[in-house]
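Chemist: Structure: target35.txt, compact mmCIF, C-alpha atoms.
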```txt
# COMPACT_ATOMS: atom_id res chain seq x y z
CA MET A 1 -79.96 38.98 -15.01
CA ILE A 2 -76.52 38.62 -16.48
CA ARG A 3 -73.93 40.71 -14.80
CA ASN A 4 -72.27 43.16 -17.13
CA ARG A 5 -68.87 41.83 -16.16
CA TYR A 6 -69.49 38.93 -18.55
CA LEU A 7 -70.20 41.27 -21.44
CA LEU A 8 -66.93 43.15 -21.53
CA PRO A 9 -64.62 40.10 -21.76
CA GLY A 10 -66.79 38.75 -24.56
CA ILE A 11 -66.62 42.01 -26.48
CA LEU A 12 -62.87 42.20 -25.99
CA PHE A 13 -62.54 38.60 -27.17
CA VAL A 14 -64.55 39.30 -30.31
CA LEU A 15 -62.53 42.45 -31.00
CA ALA A 16 -59.33 40.41 -30.61
CA LEU A 17 -60.62 37.90 -33.17
CA VAL A 18 -61.45 40.78 -35.50
CA SER A 19 -57.97 42.20 -35.22
CA VAL A 20 -56.40 38.80 -35.95
CA ALA A 21 -58.72 38.28 -38.91
CA CYS A 22 -57.93 41.72 -40.29
CA THR A 23 -54.24 40.87 -40.51
CA GLN A 24 -55.04 37.89 -42.75
CA GLN A 25 -56.25 39.71 -45.83
CA ARG A 26 -53.95 37.93 -48.27
CA GLN A 27 -54.00 34.19 -47.90
CA PRO A 28 -50.98 32.20 -48.99
CA CYS A 29 -51.43 29.57 -51.69
CA LEU A 30 -50.82 26.23 -49.96
CA THR A 31 -51.47 23.88 -52.89
CA PRO A 32 -49.32 23.21 -55.95
CA LYS A 33 -50.26 25.74 -58.63
CA THR A 34 -48.68 24.12 -61.66
CA ALA A 35 -49.95 20.89 -63.15
CA SER A 36 -46.72 19.03 -63.88
CA LEU A 37 -46.25 15.86 -65.83
CA ILE A 38 -44.29 13.32 -63.80
CA ILE A 39 -41.98 10.98 -65.68
CA GLY A 40 -40.31 7.81 -64.52
CA ALA A 41 -37.27 6.36 -66.27
CA ILE A 42 -36.99 2.57 -66.50
CA HIS A 43 -35.08 0.01 -68.56
CA PHE A 44 -34.71 -3.71 -69.01
CA LYS A 45 -31.46 -5.04 -67.58
CA THR A 46 -31.04 -7.72 -70.24
CA ASP A 47 -32.57 -8.57 -73.60
CA THR A 48 -34.50 -11.38 -71.98
CA SER A 49 -35.73 -9.44 -68.96
CA THR A 50 -39.49 -9.17 -68.64
CA VAL A 51 -39.64 -6.82 -65.66
CA PRO A 52 -38.21 -3.30 -66.11
CA VAL A 53 -36.36 -1.62 -63.26
CA ASP A 54 -36.13 2.02 -62.28
CA THR A 55 -33.22 3.72 -63.99
CA VAL A 56 -31.26 6.37 -62.15
CA LEU A 57 -30.00 8.79 -64.78
CA PRO A 58 -26.70 10.54 -63.93
CA HIS A 59 -27.68 14.10 -64.86
CA ALA A 60 -30.95 14.05 -66.78
CA THR A 61 -31.43 17.35 -68.56
CA PHE A 62 -34.63 18.83 -69.96
CA TYR A 63 -34.88 21.82 -72.35
CA PRO A 64 -38.25 23.25 -73.40
CA VAL A 65 -38.39 23.86 -77.13
CA SER A 66 -39.68 27.28 -78.21
CA SER A 67 -39.99 28.45 -74.63
CA GLN A 68 -40.02 32.18 -74.06
CA GLN A 69 -37.57 31.62 -71.23
CA ASN A 70 -34.04 30.27 -71.48
CA PHE A 71 -34.91 27.40 -69.20
CA VAL A 72 -32.88 24.28 -68.52
CA THR A 73 -33.48 21.72 -65.79
CA VAL A 74 -30.55 19.53 -64.80
CA TYR A 75 -31.49 16.86 -62.29
CA PRO A 76 -29.18 15.17 -59.81
CA PRO A 77 -28.98 11.37 -60.17
CA GLN A 78 -32.54 10.11 -59.88
CA ALA A 79 -35.20 8.15 -61.76
CA SER A 80 -38.19 10.49 -61.58
CA PHE A 81 -38.58 13.88 -63.23
CA THR A 82 -41.21 16.54 -63.83
CA VAL A 83 -41.88 18.71 -66.85
CA SER A 84 -44.58 21.32 -67.37
CA LEU A 85 -46.81 21.60 -70.39
CA SER A 86 -47.32 24.87 -72.23
CA PRO A 87 -50.56 26.50 -71.05
CA ASP A 88 -50.78 28.63 -74.19
CA THR A 89 -51.10 25.88 -76.80
CA GLY A 90 -52.17 22.26 -77.02
CA TYR A 91 -48.70 21.14 -78.03
CA CYS A 92 -45.16 21.42 -76.69
CA GLN A 93 -41.76 19.76 -77.02
CA TRP A 94 -38.99 18.98 -74.58
CA LEU A 95 -35.43 17.95 -75.39
CA PHE A 96 -34.24 15.20 -73.10
CA GLU A 97 -30.75 13.96 -72.31
CA THR A 98 -29.70 11.33 -69.83
CA ASP A 99 -26.49 13.22 -69.12
CA SER A 100 -25.79 16.88 -69.78
CA LEU A 101 -22.32 15.98 -71.15
CA LYS A 102 -23.48 13.61 -73.89
CA HIS A 103 -25.35 16.06 -76.12
CA THR A 104 -27.52 13.48 -77.78
CA PRO A 105 -30.98 14.72 -76.90
CA ASP A 106 -34.22 13.08 -77.78
CA THR A 107 -37.19 15.24 -78.68
CA VAL A 108 -40.40 14.37 -76.83
CA SER A 109 -43.59 15.93 -78.26
CA PHE A 110 -46.73 16.24 -76.17
CA TYR A 111 -50.24 16.72 -77.58
CA TYR A 112 -53.00 17.51 -75.10
CA GLN A 113 -56.24 19.28 -74.26
CA ARG A 114 -56.19 22.18 -71.82
CA ASN A 115 -58.81 22.86 -69.15
CA ALA A 116 -58.68 26.09 -67.16
CA LYS A 117 -59.13 25.31 -63.49
CA PHE A 118 -59.81 27.71 -60.63
CA LEU A 119 -57.87 26.55 -57.58
CA SER A 120 -58.76 29.28 -55.09
CA ASN A 121 -58.58 33.01 -54.74
CA ALA A 122 -55.17 32.59 -53.14
CA CYS A 123 -53.85 30.26 -55.86
CA ARG A 124 -55.78 31.75 -58.80
CA PHE A 125 -56.25 29.86 -62.07
CA THR A 126 -54.10 27.17 -63.58
CA TYR A 127 -54.47 24.67 -66.40
CA PHE A 128 -55.08 20.97 -66.05
CA TYR A 129 -54.32 18.79 -69.08
CA SER A 130 -55.61 15.68 -70.75
CA ILE A 131 -52.92 14.03 -72.82
CA ASP A 132 -53.91 12.87 -76.29
CA SER A 133 -50.58 11.45 -77.43
CA ILE A 134 -46.84 11.62 -76.87
CA HIS A 135 -44.21 11.05 -79.57
CA THR A 136 -40.44 10.79 -79.30
CA THR A 137 -37.27 10.28 -81.24
CA HIS A 138 -35.29 7.18 -80.32
CA LEU A 139 -31.68 8.11 -79.65
CA ILE A 140 -31.78 7.36 -75.94
CA ILE A 141 -35.43 6.58 -75.48
CA ASP A 142 -36.58 3.18 -76.60
CA SER A 143 -40.31 3.74 -76.09
CA LEU A 144 -42.92 5.54 -74.00
CA ARG A 145 -45.87 4.39 -72.01
CA ILE A 146 -48.64 6.70 -70.79
CA LEU A 147 -49.71 5.63 -67.31
CA ASN A 148 -52.22 8.38 -66.62
CA ASN A 149 -53.36 10.93 -69.20
CA SER A 150 -54.89 13.32 -66.68
CA VAL A 151 -52.32 15.91 -65.59
CA THR A 152 -53.44 17.84 -62.52
CA ASN A 153 -51.71 19.43 -59.55
CA ASN A 154 -51.67 16.05 -57.81
CA VAL A 155 -47.97 15.50 -57.24
CA ASN A 156 -48.35 11.83 -56.36
CA THR A 157 -49.46 10.59 -59.76
CA LYS A 158 -46.92 9.32 -62.28
CA HIS A 159 -48.04 10.02 -65.83
CA LEU A 160 -45.38 8.69 -68.14
CA GLN A 161 -42.76 5.95 -68.23
CA ILE A 162 -39.72 6.37 -70.44
CA TYR A 163 -38.02 3.13 -71.45
CA ILE A 164 -34.33 3.91 -71.84
CA HIS A 165 -32.08 1.92 -74.17
CA ARG A 166 -29.94 -0.51 -72.22
CA SER A 167 -26.85 1.03 -73.75
CA PHE A 168 -27.44 4.60 -72.62
CA MET B 169 -48.83 26.13 -38.65
CA SER B 170 -49.96 29.44 -40.08
CA ILE B 171 -51.59 32.20 -38.09
CA GLN B 172 -54.71 31.66 -40.14
CA ASN B 173 -54.90 28.00 -39.14
CA THR B 174 -54.14 28.86 -35.53
CA CYS B 175 -56.95 31.42 -35.58
CA ARG B 176 -59.30 28.85 -37.08
CA TYR B 177 -58.47 26.22 -34.47
CA ILE B 178 -58.84 28.72 -31.62
CA SER B 179 -62.20 29.84 -32.99
CA THR B 180 -63.34 26.24 -33.28
CA ALA B 181 -62.21 25.41 -29.76
CA VAL B 182 -63.83 28.50 -28.25
CA PHE B 183 -67.03 27.88 -30.16
CA SER B 184 -67.13 24.25 -28.98
CA CYS B 185 -66.50 25.32 -25.39
CA ILE B 186 -69.31 27.84 -25.56
CA LEU B 187 -71.72 25.23 -26.87
CA TRP B 188 -70.60 22.83 -24.16
CA VAL B 189 -71.03 25.44 -21.41
CA PHE B 190 -74.47 26.24 -22.78
CA ALA B 191 -75.41 22.58 -22.79
CA VAL B 192 -74.95 22.20 -19.03
CA PRO B 193 -77.85 24.42 -17.94
CA VAL B 194 -79.99 22.98 -20.72
CA LEU B 195 -79.43 19.49 -19.36
CA ALA B 196 -80.06 20.73 -15.86
CA GLN B 197 -83.43 22.09 -16.94
CA SER B 198 -84.49 18.68 -18.15
CA ASP B 199 -84.48 17.27 -14.64
CA PRO B 200 -87.89 15.53 -14.30
CA THR B 201 -87.98 16.11 -10.55
CA ALA B 202 -88.18 19.84 -11.19
CA VAL B 203 -91.84 19.63 -12.26
CA ASP B 204 -93.69 21.32 -9.43
CA THR B 205 -95.73 24.36 -8.66
CA LEU B 206 -92.69 26.60 -9.03
CA ASN B 207 -92.54 25.84 -12.79
CA THR B 208 -96.14 26.91 -13.17
CA ALA B 209 -95.34 30.09 -11.36
CA ASN B 210 -92.31 30.77 -13.60
CA LEU B 211 -94.38 30.19 -16.72
CA LYS B 212 -96.91 32.78 -15.58
CA LYS B 213 -94.07 35.12 -14.83
CA HIS B 214 -92.61 34.67 -18.34
CA ASP B 215 -95.96 35.26 -19.95
CA SER B 216 -96.22 38.53 -18.08
CA ALA B 217 -93.04 39.75 -19.78
CA GLY B 218 -95.02 40.74 -22.87
CA ARG B 219 -93.63 40.93 -26.36
CA GLN B 220 -90.36 42.31 -27.62
CA LEU B 221 -89.10 43.09 -31.10
CA CYS B 222 -85.40 43.79 -31.12
CA LEU B 223 -83.66 45.49 -34.05
CA GLY B 224 -79.89 45.75 -34.26
CA VAL B 225 -76.83 46.43 -36.33
CA ASP B 226 -73.53 44.54 -36.40
CA VAL B 227 -70.86 47.07 -35.45
CA VAL B 228 -68.01 44.62 -36.07
CA ARG B 229 -68.93 44.52 -39.74
CA ILE B 230 -68.96 48.30 -39.97
CA GLY B 231 -65.60 48.49 -38.24
CA ALA B 232 -64.09 45.76 -40.39
CA ASN B 233 -65.08 47.61 -43.56
CA SER B 234 -62.43 50.21 -42.80
CA PHE B 235 -59.76 47.53 -42.35
CA TYR B 236 -60.47 45.44 -45.42
CA SER B 237 -59.80 47.03 -48.77
CA ASP B 238 -61.13 44.09 -50.79
CA ARG B 239 -64.52 43.46 -49.15
CA TYR B 240 -67.35 45.17 -47.34
CA ALA B 241 -70.56 44.14 -45.63
CA TYR B 242 -73.43 45.59 -43.67
CA GLU B 243 -75.46 43.31 -41.45
CA PHE B 244 -78.66 43.86 -39.46
CA GLN B 245 -80.59 41.60 -37.16
CA ALA B 246 -84.09 41.32 -35.77
CA ASP B 247 -85.59 38.96 -33.26
CA TYR B 248 -89.06 38.60 -31.83
CA TYR B 249 -89.85 37.04 -28.48
CA ALA B 250 -92.38 34.30 -29.11
CA ARG B 251 -92.78 32.44 -25.83
CA ASN B 252 -91.03 30.32 -23.27
CA GLU B 253 -87.63 32.02 -23.87
CA PHE B 254 -87.89 31.22 -27.53
CA TYR B 255 -87.20 33.92 -30.13
CA LEU B 256 -87.71 34.00 -33.86
CA ALA B 257 -84.63 35.54 -35.45
CA ALA B 258 -83.67 37.00 -38.81
CA GLU B 259 -80.60 38.67 -40.17
CA GLY B 260 -80.08 40.43 -43.44
CA GLY B 261 -77.65 42.69 -45.21
CA TRP B 262 -75.55 43.22 -48.24
CA GLY B 263 -71.91 43.40 -49.22
CA GLY B 264 -69.36 42.68 -51.88
CA SER B 265 -65.76 41.99 -52.70
CA LYS B 266 -63.20 43.19 -55.21
CA VAL B 267 -60.37 41.01 -56.43
CA ASN B 268 -57.74 43.09 -58.17
CA TYR B 269 -54.64 40.95 -58.42
CA ASP B 270 -52.25 41.11 -61.37
CA ASP B 271 -53.46 37.73 -62.61
CA LEU B 272 -57.11 37.74 -61.48
CA LYS B 273 -59.70 40.51 -61.51
CA TYR B 274 -63.41 40.44 -60.72
CA THR B 275 -65.98 41.88 -58.34
CA THR B 276 -68.97 40.36 -56.58
CA THR B 277 -71.97 41.87 -54.82
CA ASN B 278 -74.62 40.06 -52.87
CA SER B 279 -77.50 40.53 -50.52
CA PHE B 280 -78.46 37.90 -48.00
CA ILE B 281 -81.15 36.94 -45.56
CA GLN B 282 -81.30 34.25 -42.93
CA PHE B 283 -84.02 32.97 -40.64
CA GLY B 284 -83.98 30.81 -37.56
CA PHE B 285 -84.46 30.80 -33.84
CA ILE B 286 -82.78 31.76 -30.62
CA LYS B 287 -83.24 29.92 -27.36
CA SER B 288 -82.28 31.75 -24.22
CA ILE B 289 -80.83 29.24 -21.81
CA LEU B 290 -80.93 31.36 -18.68
CA SER B 291 -84.03 31.83 -16.61
CA ARG B 292 -85.23 35.33 -15.99
CA SER B 293 -84.70 36.99 -12.64
CA SER B 294 -87.74 39.19 -13.21
CA LYS B 295 -90.27 40.04 -15.89
CA THR B 296 -88.14 43.04 -16.90
CA ASP B 297 -85.03 40.89 -17.34
CA TRP B 298 -84.30 40.53 -21.07
CA ASP B 299 -80.62 39.65 -20.74
CA MET B 300 -79.81 36.31 -22.21
CA MET B 301 -77.20 33.75 -23.03
CA MET B 302 -78.38 32.09 -26.15
CA MET B 303 -77.88 29.44 -28.74
CA GLY B 304 -79.66 29.04 -32.01
CA MET B 305 -79.70 27.97 -35.61
CA ARG B 306 -80.21 29.77 -38.90
CA ALA B 307 -80.78 28.93 -42.54
CA GLY B 308 -79.18 31.49 -44.83
CA PHE B 309 -79.59 32.43 -48.45
CA ALA B 310 -77.60 34.82 -50.62
CA ASN B 311 -77.81 35.75 -54.25
CA VAL B 312 -74.35 36.52 -55.59
CA ASN B 313 -73.75 38.61 -58.71
CA ARG B 314 -70.30 38.23 -60.23
CA SER B 315 -68.81 40.62 -62.76
CA PRO B 316 -66.86 39.44 -65.82
CA VAL B 317 -63.62 37.74 -64.76
CA THR B 318 -60.23 38.25 -66.37
CA TYR B 319 -57.29 36.07 -65.49
CA THR B 320 -53.81 35.13 -66.61
CA VAL B 321 -52.01 31.88 -65.86
CA ILE B 322 -48.44 32.57 -64.81
CA ASP B 323 -45.93 29.99 -65.99
CA SER B 324 -42.22 30.35 -65.30
CA VAL B 325 -41.20 27.95 -68.10
CA TRP B 326 -43.45 28.75 -71.04
CA GLY B 327 -44.35 32.31 -70.16
CA ASN B 328 -47.69 33.70 -69.08
CA THR B 329 -50.78 33.01 -71.08
CA GLY B 330 -52.74 35.78 -72.69
CA THR B 331 -55.57 37.31 -70.71
CA GLN B 332 -58.58 34.99 -70.57
CA SER B 333 -62.08 36.03 -69.62
CA ILE B 334 -65.26 34.51 -68.20
CA GLY B 335 -68.64 36.16 -68.52
CA PRO B 336 -70.70 37.56 -65.65
CA THR B 337 -73.05 35.30 -63.75
CA SER B 338 -75.38 35.08 -60.76
CA PHE B 339 -75.84 32.14 -58.45
CA PRO B 340 -77.53 31.32 -55.14
CA VAL B 341 -75.73 30.24 -51.98
CA PHE B 342 -77.43 28.31 -49.19
CA TRP B 343 -75.95 27.66 -45.79
CA LEU B 344 -76.85 26.54 -42.27
CA GLU B 345 -75.36 27.96 -39.15
CA VAL B 346 -75.24 27.36 -35.43
CA THR B 347 -74.71 30.27 -33.14
CA GLY B 348 -74.14 31.05 -29.50
CA GLY B 349 -73.56 34.20 -27.52
CA MET B 350 -74.99 36.64 -25.06
CA ARG B 351 -76.88 39.92 -24.94
CA VAL B 352 -77.14 42.41 -22.11
CA GLU B 353 -79.48 45.37 -21.68
CA ILE B 354 -77.15 48.29 -21.07
CA VAL B 355 -79.81 50.92 -20.55
CA ARG B 356 -83.57 50.58 -20.87
CA GLY B 357 -84.29 48.97 -24.23
CA LEU B 358 -80.72 49.27 -25.54
CA PHE B 359 -78.75 46.05 -25.82
CA ALA B 360 -75.17 45.08 -26.57
CA GLY B 361 -74.24 41.52 -27.32
CA TRP B 362 -71.82 39.26 -29.09
CA ASN B 363 -72.18 35.92 -30.74
CA ILE B 364 -70.06 33.41 -32.56
CA ARG B 365 -71.29 31.49 -35.55
CA GLY B 366 -70.31 28.33 -37.36
CA LYS B 367 -71.54 28.36 -40.95
CA PHE B 368 -71.72 25.41 -43.31
CA VAL B 369 -72.46 25.87 -47.01
CA MET B 370 -74.95 23.46 -48.57
CA ASN B 371 -74.34 24.01 -52.29
CA GLY B 372 -70.63 24.83 -52.44
CA LYS B 373 -69.98 22.60 -55.43
CA SER B 374 -72.31 24.64 -57.62
CA PHE B 375 -69.95 27.64 -57.69
CA ARG B 376 -66.54 26.03 -57.30
CA ASP B 377 -65.66 27.04 -60.86
CA LEU B 378 -64.83 30.42 -59.35
CA SER B 379 -65.67 30.78 -55.69
CA PRO B 380 -66.18 34.39 -54.57
CA LEU B 381 -63.53 35.87 -52.34
CA PHE B 382 -66.23 36.93 -49.89
CA ILE B 383 -69.97 36.41 -49.54
CA ALA B 384 -71.65 38.85 -47.18
CA GLY B 385 -73.49 36.83 -44.54
CA TYR B 386 -71.47 33.67 -45.16
CA GLY B 387 -67.78 34.61 -45.39
CA LYS B 388 -65.04 33.19 -47.58
CA GLY B 389 -66.64 31.67 -50.66
CA ASP B 390 -64.00 28.99 -51.20
CA LYS B 391 -64.45 27.46 -47.72
CA ASN B 392 -67.01 24.77 -46.93
CA ALA B 393 -67.22 26.05 -43.35
CA ASN B 394 -66.67 29.50 -41.89
CA PHE B 395 -66.52 30.77 -38.35
CA ASP B 396 -67.73 34.27 -37.78
CA PHE B 397 -68.48 36.66 -34.96
CA ASN B 398 -70.78 39.62 -34.47
CA LEU B 399 -71.11 42.49 -32.04
CA TYR B 400 -74.66 43.77 -32.12
CA ILE B 401 -76.01 47.01 -30.77
CA SER B 402 -79.77 46.69 -30.77
CA TYR B 403 -82.91 48.27 -29.44
CA GLY B 404 -85.92 46.41 -28.11
CA PHE B 405 -89.48 47.59 -28.66
CA ARG B 406 -91.83 46.14 -26.05
CA TRP B 407 -95.57 45.96 -25.72
CA ASN B 408 -98.38 43.92 -24.23
CA ARG B 409 -96.67 43.57 -20.90
CA LYS B 410 -98.99 42.09 -18.29
CA PRO B 411 -98.86 42.61 -14.56
CA ALA B 412 -96.84 39.95 -12.82
CA GLN B 413 -98.92 37.16 -11.37
CA LEU B 414 -96.30 36.35 -8.83
CA LYS B 415 -96.11 38.00 -5.53
```
Give the structure from the file, written as structure tokens.

Modeler:
Amino acid sequence: MIRNRYLLPGILFVLALVSVACTQQRQPCLTPKTASLIIGAIHFKTDTSTVPVDTVLPHATFYPVSSQQNFVTVYPPQASFTVSLSPDTGYCQWLFETDSLKHTPDTVSFYYQRNAKFLSNACRFTYFYSIDSIHTTHLIIDSLRILNNSVTNNVNTKHLQIYIHRSF
Amino acid sequence: MSIQNTCRYISTAVFSCILWVFAVPVLAQSDPTAVDTLNTANLKKHDSAGRQLCLGVDVVRIGANSFYSDRYAYEFQADYYARNEFYLAAEGGWGGSKVNYDDLKYTTTNSFIQFGFIKSILSRSSKTDWDMMMMGMRAGFANVNRSPVTYTVIDSVWGNTGTQSIGPTSFPVFWLEVTGGMRVEIVRGLFAGWNIRGKFVMNGKSFRDLSPLFIAGYGKGDKNANFDFNLYISYGFRWNRKPAQLK
């Protein structure tokens, strides 16, 4: 026969677990919610170079075109940037400058397919994207190269390389 | 580390310790030198205990219903003493959840049933001793009905999307669980007991397109494994008790 003294601690333990569980009704979202397109800037050092090198831009600036928000992202000197794609349409544009003082932006146009994705009840829904094509003007940008056309909430995947003119 | 993770790790550790503690007497019982006339006598004594059908209700679930505003569940259990400290066990119940966030709204309801066994790992002190420390396994099944879903994707750059919707659906959920705990007869026929369960979903990928917030019987729908606990109050119906063959 089990002595009743073992029952009470067990019941108290279970009740303690219940009380802890009851305080956890709303879980925090611990994964990235937005699928962002990650861009790397590179350039060739000379006309005869065959291997491009990462290009640290002094104050790269991105403006979403036709955004409902007045949104500008100015980056500190670095060679990697992120932009988000519009979840409402299959097309969006960003204006891009290498330096916020130069005012010679290029327009980069993104065309893509959208796929609604349920992350979790804590993180809700988001959109993942499959890029069809990307077009740009060529004031600062020499050319583009799509590295990965699947844009998800994986923050470790680089999707696009921007080749900058040597003279930027 | 969040409180949730801490709670999960503590639950896992406690559950593992319980299984380990239970394993010690089980190993001890496998001692081959213990085969003697005493075992024969114990077997006769167990047989004289008769049959027992125990029906119970999970009072933790009832209590938790008043704490949670977004989910509810009712859970009942039954077990039948077969032989040799081996019980056939079943649990069943129903429940649901309601997600009413600004950017996600839906409800789910489900009923569930699970079957398995319980093995008492303590020997009886007498034929009237039905207390037990136990471990067991279950196979569970639930049929989940989900209402139409409406959601909005919030985007700080481009603005929120319009409200999207997904139609209603139903889908099955299968899981396996291991359980351990104890049960004590408080007064004649009336038991109180607790147990802890580790549950592992078998077909989680089939409903990952929108995992339910809560599945009664299983737990959080977007987790591949859940740890759960129950406090049962139950009553045992007994019959066919034979006179003890031991002096």

Chemist: Which residue, A:Gln78, A:Asn121, A:Ser67, A:Leu37, has the smallest gap to Asn148 (chain A) when you use all atoms listed in the file?

Modeler: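 Going through A:Gln78, A:Asn121, A:Ser67, A:Leu37 one by one, the smallest distance to Asn148 (chain A) is for A:Leu37.
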
Chemist: In Å, rounded to a single decimal, give me how far CA of Tyr111 (chain A) is from CA of Pro64 (chain A).

Modeler: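 Answer for the CA of Pro64 (chain A) to CA of Tyr111 (chain A) separation: 14.3 Å.
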
Chemist: For chain B, which residue out of A:Arg166, A:His159, A:His138, A:Lys33 is the nearest one, using all atoms listed in the file?

Modeler: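 Among the listed residues, the smallest separation from chain B belongs to A:Lys33.
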
Chemist: Please determine the contact residues of chain B with respect to chain A at a cut-off of 9 Å, counting all atoms listed in the file, and supply them as a PDB file with C-alpha atoms, in the coordinates of the input.

Modeler:
```
ATOM      1  CA  ILE B 171     -51.590  32.200 -38.090  1.00  0.00           C
ATOM      2  CA  GLN B 172     -54.710  31.660 -40.140  1.00  0.00           C
ATOM      3  CA  CYS B 175     -56.950  31.420 -35.580  1.00  0.00           C
ATOM      4  CA  SER B 179     -62.200  29.840 -32.990  1.00  0.00           C
ATOM      5  CA  VAL B 228     -68.010  44.620 -36.070  1.00  0.00           C
ATOM      6  CA  ALA B 232     -64.090  45.760 -40.390  1.00  0.00           C
ATOM      7  CA  PHE B 235     -59.760  47.530 -42.350  1.00  0.00           C
ATOM      8  CA  TYR B 236     -60.470  45.440 -45.420  1.00  0.00           C
ATOM      9  CA  SER B 237     -59.800  47.030 -48.770  1.00  0.00           C
ATOM     10  CA  ASP B 238     -61.130  44.090 -50.790  1.00  0.00           C
ATOM     11  CA  VAL B 267     -60.370  41.010 -56.430  1.00  0.00           C
ATOM     12  CA  ASP B 271     -53.460  37.730 -62.610  1.00  0.00           C
ATOM     13  CA  LEU B 272     -57.110  37.740 -61.480  1.00  0.00           C
ATOM     14  CA  LEU B 290     -80.930  31.360 -18.680  1.00  0.00           C
ATOM     15  CA  SER B 291     -84.030  31.830 -16.610  1.00  0.00           C
ATOM     16  CA  ARG B 292     -85.230  35.330 -15.990  1.00  0.00           C
ATOM     17  CA  SER B 293     -84.700  36.990 -12.640  1.00  0.00           C
ATOM     18  CA  SER B 294     -87.740  39.190 -13.210  1.00  0.00           C
ATOM     19  CA  ASP B 297     -85.030  40.890 -17.340  1.00  0.00           C
ATOM     20  CA  TRP B 298     -84.300  40.530 -21.070  1.00  0.00           C
ATOM     21  CA  ASP B 299     -80.620  39.650 -20.740  1.00  0.00           C
ATOM     22  CA  MET B 300     -79.810  36.310 -22.210  1.00  0.00           C
ATOM     23  CA  MET B 301     -77.200  33.750 -23.030  1.00  0.00           C
ATOM     24  CA  TYR B 319     -57.290  36.070 -65.490  1.00  0.00           C
ATOM     25  CA  THR B 320     -53.810  35.130 -66.610  1.00  0.00           C
ATOM     26  CA  VAL B 321     -52.010  31.880 -65.860  1.00  0.00           C
ATOM     27  CA  ILE B 322     -48.440  32.570 -64.810  1.00  0.00           C
ATOM     28  CA  ASP B 323     -45.930  29.990 -65.990  1.00  0.00           C
ATOM     29  CA  SER B 324     -42.220  30.350 -65.300  1.00  0.00           C
ATOM     30  CA  VAL B 325     -41.200  27.950 -68.100  1.00  0.00           C
ATOM     31  CA  TRP B 326     -43.450  28.750 -71.040  1.00  0.00           C
ATOM     32  CA  GLY B 327     -44.350  32.310 -70.160  1.00  0.00           C
ATOM     33  CA  ASN B 328     -47.690  33.700 -69.080  1.00  0.00           C
ATOM     34  CA  THR B 329     -50.780  33.010 -71.080  1.00  0.00           C
ATOM     35  CA  GLY B 330     -52.740  35.780 -72.690  1.00  0.00           C
ATOM     36  CA  GLY B 349     -73.560  34.200 -27.520  1.00  0.00           C
ATOM     37  CA  MET B 350     -74.990  36.640 -25.060  1.00  0.00           C
ATOM     38  CA  ARG B 351     -76.880  39.920 -24.940  1.00  0.00           C
ATOM     39  CA  VAL B 352     -77.140  42.410 -22.110  1.00  0.00           C
ATOM     40  CA  GLU B 353     -79.480  45.370 -21.680  1.00  0.00           C
ATOM     41  CA  ILE B 354     -77.150  48.290 -21.070  1.00  0.00           C
ATOM     42  CA  ALA B 360     -75.170  45.080 -26.570  1.00  0.00           C
ATOM     43  CA  GLY B 361     -74.240  41.520 -27.320  1.00  0.00           C
ATOM     44  CA  TRP B 362     -71.820  39.260 -29.090  1.00  0.00           C
ATOM     45  CA  ASN B 363     -72.180  35.920 -30.740  1.00  0.00           C
ATOM     46  CA  ILE B 364     -70.060  33.410 -32.560  1.00  0.00           C
ATOM     47  CA  ARG B 376     -66.540  26.030 -57.300  1.00  0.00           C
ATOM     48  CA  ASP B 377     -65.660  27.040 -60.860  1.00  0.00           C
ATOM     49  CA  LEU B 378     -64.830  30.420 -59.350  1.00  0.00           C
ATOM     50  CA  SER B 379     -65.670  30.780 -55.690  1.00  0.00           C
ATOM     51  CA  PRO B 380     -66.180  34.390 -54.570  1.00  0.00           C
ATOM     52  CA  LEU B 381     -63.530  35.870 -52.340  1.00  0.00           C
ATOM     53  CA  ASP B 390     -64.000  28.990 -51.200  1.00  0.00           C
ATOM     54  CA  PHE B 397     -68.480  36.660 -34.960  1.00  0.00           C
ATOM     55  CA  ASN B 398     -70.780  39.620 -34.470  1.00  0.00           C
ATOM     56  CA  LEU B 399     -71.110  42.490 -32.040  1.00  0.00           C
TER      57      LEU B 399
END
```

Chemist: Interatomic distance between CA of Ser402 (chain B) and CA of Phe382 (chain B)?

Modeler: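 So the two atoms, CA of Ser402 (chain B) and CA of Phe382 (chain B), lie 25.4 Å apart.
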
Chemist: What does the structure give for the distance between CA of Leu139 (chain A) and CA of Tyr112 (chain A), in Å to one decimal?

Modeler: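 Computing it gives 23.7 Å between the two atoms.
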